[in-house]
Amino acid sequence: MNTYTALYPILTIVTGALLIILLEVFLKKEKKDYLGFIAVLFLLASGAECIKFWNKGLSYFEGTLLLDKFALFFFLILILAVIFITLISLKYLSLQNADHGEYYSLLLFALSGMMIMVSSRDFLVIFLGLEVLSMASYALAGLKKNDERSSEAAIKYFLLGSFASAFLVFGIALLYGAVFSTDISTIMNFFHSETSLSLMALTGMAFIIIGFGFKIAVVPFHMWTPDVYQGSPTPVTAFFSVGPKAAGFAVLMRIFFPFWKEAINSETFFHILWILSVLTMVVGNLVALRQKNVKRILAYSSIAHAGYILIAILAGDNSGLLFYLTVYLFMNIGAFSAVIALSRKGKEFLELEDYSGIGFRYPWIGATLTVFLFSLAGFPPTGGFLAKFYIFSAAVHKGLVPLVIIGVLASLISVFYYLRIIIYMYMREPTRNVEIFAYNPALFLVLFLCLYGVLMMGIFPGNILIYIKQAVAALVF
Amino acid sequence: MNIPILSILIFLPLTGAILFIFIPREKSNLLKYLAVAVTVLTFLVALPLYFNFDGSTADPQFVETAEWIGYGINYHVGIDGISLLLVILTVFLFPIAIISSWTSIKDKIKEYLIFMLILETGIIGVFLSLNLFLFYVFWEAMLIPMYFLIGIWGGKRKIYATVKFVLFTMFGSLLMLVAIFFLYSTYYKASGVYSLNIFDFQKLILDPGVQIWLFLAFALAFAIKVPLFPFHTWLPDAHVQAPTAGSVILAAVLLKMGAYGFLRFALPLFPDAVQKFLPLLAVLCLISIIYGALMALIQKDIKSLVAYSSVSHMGLIMLAVFSLNFEAMEGAIYQMLNHGLSTGALFLCVGILYQRSHTRLIKDYGGVSKQMPVFSAFFLVCMLSSVGLPGLNGFVGEVLCIFGIFKSSHILAALGVLTIILGAAYLLWMYQRVMQGPITNDKIKSFPDLNKREIGFLIPIIIMMFWMGIYPRPFLRKMDASVTHLLHQIKSRTSVSASIQKEEKELKIKIKEDKTEELKEKTNLLLK
């Protein structure tokens with residue numbers, strides 16, 4: 001079989017992106033929606049490619065492109081995320097005066113960047129993917145050209161993102177200086193075998209953690225998150241909170257998966273990640289308490305969730321991590337979709353005060369948002385509970401009891417602010433006239449699918465777990 | 001006999017709730033009748049459980065198991081002598097609670113009924129689960145409907161009350177979750193098999209040092225739920241703010257879940273730690289008894305008076321549980337049922353008064369019995385049942401409790417009796433101020449007496465009060481075997497781990513002796 005077939009999933013996405021840019025010129029403004037449908041078509045095609053490759057599990061170009069089940073699993077959930085994002089954007093863009101056709105192609109480019117990131121074992125290629133993702137993200141954040149906040153988001157993201165990239169490149173360079181390789185498995189073997197590491201190697205690894213810590217918004221590298229999340233158009237925020245985070249964690253898993261077991265030098269990094277995890281959970285949740293803007297609340301909540309996921313990395317619980325990311329995708333995109341549903345021409349309802357009485361005025365949106373919030377807070381019988389259950393129980397099994405206690409207490413704090421949104425929705429009398437644009441079938445489809453996903457993964461997670469187990473099994477080098 | 005009767009029992013109300021989503025909210029009467037039908041049906045489903053239950057064995061009966069998620073997470077339900085009566089109490093009170101809110105809940109009746117039905121599923125699930133995962137799922141999921149019931153249909157400070165309720169309960173249960181993880185992992189390390197089955201965990205022999213932490217985590221979760229002093233502060237708020245039916249369910253069933261948790265998990269799983277903490281727990285119970293009663297004495301609001309009386313009564317129940325002997329244990333379980341009935345009934349009576357006057361302050365009432373003679377009779381019986389008048393249910397339970405406590409400690413029993421004495425004081429005084437004397441408030445003169453619906457939902461409770469007071473035997477005999485088994489388990493496992501410890505100590509002493517002998521020999525040799 002021709003080696004280049006391995007590129008098909010990524011190539012399909014890139015082709016779609018380029019085609020959309022071309023078509024955008026010829027389409028009338030009213031028909032920009034078609035571009036979204038074309039994007040969905042290409043996404044589905046790429047997804048089909050991934051499924052075709054599922055049982056082949058091959059590596060191409062000397063390990064720089066791996067199509068193992070692990071990568072394919074991430075391909076699939078990322079593609080699913082982008083399909084959801086595309087669908088919830090359709091009406092949003094024209095309602096909020098941001099209907100640029102490039103939007104869909106930027107999304108696809110960002111996706112291709114993430115796909116490159118998760119499917120490689122070579123730091124340079126990973127960096128390449130990260131940059132493709134970042135460039136597209138900066139443009140996406142600034143999509144509302146006339147909105148100050150959106151521009152602010154774009155510039156902030158760009159500046160801090162460049163910093164993070166610089167750290168990452170520098171880290172890669174330092175590691176190369178120490179190990180003479182950019183291949184993750186070679187580097188990690190080096191870390192396993194050396195008894196005393198040079199300062200160069202240690203610094204290099206630390207810089208790489210910083211670079212990815214930025215992408216997955218780990219405290220203290222999270223400063224950009226709230227502003228960027230608040231300023232970006234809401235579907236883009238939903239995308240940021242799920243896509244780059246999943247891709248970043250995929251890379252961290254590739255780095256750290258074989259590391260904890262017997263590595264001599266794992267102690268240092270273990271402690272660093274331990275502290276990062278605690279900081280992320282505690283700071284993210286505490287700051288979220290004081291927010292009044294729903295998008296900001298969700299931004300801080302997504303920071304906190306990165307903290308929980310770091311616990312999974314520390315516990316070496318890869319299947320738990322994948323499960324968490326999958327559930328997180330459904331519940332977070334679901335929550336953002338409900339937020340998007342509460343908007344009308346030129347106006348989004350994002351203040352907590354706007355949510356007063358929404359639950360009874362728009363019962364379906366209110367009920368679904370409630371389910372997503374309960375899932376984010378980790379209440380059974382939703383997927384969010386089971387995800388936390390897996391991660392925390394694996395961590396206890398590894399003897400990380402103090403970390404888990406901090407984790408559950410942090411999630412207790414989170415209950416407070418998730419419940420606050422529900423309090424506004426159901427337990428307060430409406431104070432503002434919240435008139436929404438209600439005809440949005442694509443968005444309601446996404447809401448329904450996310451609801452289905454969150455509940456299914458909470459009650460019958462069996463099927464998805466089978467695939468996750470296979471994906472994780474492929475991670476062995 | 002292959003009907004999955006327990007599963008039907010658990011999921012029937014939930015099915016009803018899902019069905020309700022599709023009924024338009026305008027048909028409020030249909031919704032109400034349907035809700036009553038569903039809960040009555042659930043009650044009828046539970047009845048054969050009671051009659052077919054074999055009281056001579058301690059093993060769980062009507063057991064159903066099914067593969068679920070794997071890794072020890074299985075669907076595993078069953079019923080034994082302890083959970084049987086609590087389940088019956090639950091399904092008995094739910095139709096009453098729903099009928100009692102017939103007219104008091106006016107808006108959003110559809111959502112109200114949906115949450116009530118989900119709540120019923122959650123509570124039954126808690127009592128029937130034999131798998132810790134399943135148990136935890138129900139335990140936590142049950143918070144959600146209660147949260148909405150207090151938060152949407154509650155009083156003026158409903159939001160404060162409901163958030164406090166959820167956060168308090170979650171604080172305890174999250175730490176319990178960590179302890180569950182620990183057990184899960186320990187069992188896996190010991191046996192190589194994943195399991196969350198309660199009976200498997202009961203076979204584990206844990207190091208007493210570890211037990212202390214695990215017991216503390218479990219006990220905290222349950223002590224908050226009971227609630228024991230000093231974790232009780234959520235209770236008065238939640239009770240006062242909740243709608244009548246919410247208070248009824250909260251007092252009658254939800255508090256019992258805490259006590260049930262002690263009986264089912266905390267005591268049999270960590271017997272050594274129990275022995276260590278018994279004095280502390282007994283003191284907490286005593287404080288709850290006295291503090292609750294004294295607080296009840298000075299309350300101005302009838303509802304919070306009843307709420308604090310719950311703290312006091314639950315203190316006695318827990319004191320009996322911690323006495324760890326047969327009479328006390330049976331008394332405690334029996335008293336749980338009694339407390340459910342009588343406090344539930346008291347909340348219903350307060351609700352009836354509140355609906356007529358929209359005030360719960362004692363000083364706004366006076367001489368109500370002249371205006372509402374039928375009601376005053378019902379209220380009197382409920383009140384006396386809570387006080388523990390012989391012939392009514394409360395007496396049997398309290399006497400058994402006190403007997404049991406007396407067996408293990410005379411002082412505790414002497415102090416425990418204060419529940420009854422002080423209980424009589426605050427309840428009779430309240431009754432006197434509200435019902436008797438001259439009519440002080442003109443509004444009272446317009447109070448209608450009980451209507452048929454109100455008499456209808458109070459009568460079953462009154463009948464049960466007399467029945468359980470006069471002929472408690474059938475109820476007690478159902479739980480004999482289970483209680484004996486539970487006590488045996490606690491005692492025998494303590495002795496097992498104690499004997500292991502003893503052996504270890506003896507070994508150490510032996511080694512020491514051996515060493516000293518060796519030393520002596522050596523020194524002797526050297527001297528020679």
# chains A, B, ... in the order shown; residues from 1 in each chain; ligands from 1

$ interface_residues --of "chain A" --to "chain B" --cutoff "6 Å" --atoms "only C-alpha atoms" --output "mmCIF file with N, CA and C atoms, in the first residue's frame"
data_model
loop_
_atom_site.group_PDB
_atom_site.id
_atom_site.type_symbol
_atom_site.label_atom_id
_atom_site.label_comp_id
_atom_site.auth_asym_id
_atom_site.auth_seq_id
_atom_site.Cartn_x
_atom_site.Cartn_y
_atom_site.Cartn_z
ATOM 1 N N PRO A 380 -23.620 12.332 39.488
ATOM 2 C CA PRO A 380 -24.174 11.204 38.767
ATOM 3 C C PRO A 380 -25.619 11.512 38.405
ATOM 4 N N SER A 393 -10.294 7.410 41.096
ATOM 5 C CA SER A 393 -10.052 6.086 41.662
ATOM 6 C C SER A 393 -8.690 5.565 41.204
ATOM 7 N N HIS A 397 -5.620 4.564 43.606
ATOM 8 C CA HIS A 397 -4.958 3.278 43.424
ATOM 9 C C HIS A 397 -3.439 3.458 43.359
ATOM 10 N N MET A 427 -34.474 29.681 39.957
ATOM 11 C CA MET A 427 -34.955 30.094 41.267
ATOM 12 C C MET A 427 -35.092 31.593 41.404
ATOM 13 N N GLY A 462 -20.025 1.502 28.229
ATOM 14 C CA GLY A 462 -19.328 0.296 27.796
ATOM 15 C C GLY A 462 -18.699 0.391 26.416
#

$ residues_around --residues "range 203-206 of chain A" --least-positions-apart "4" --cutoff "8 Å" --atoms "only C-alpha atoms" --output "PyMOL selection string"
chain A and resi 170-175+199+210
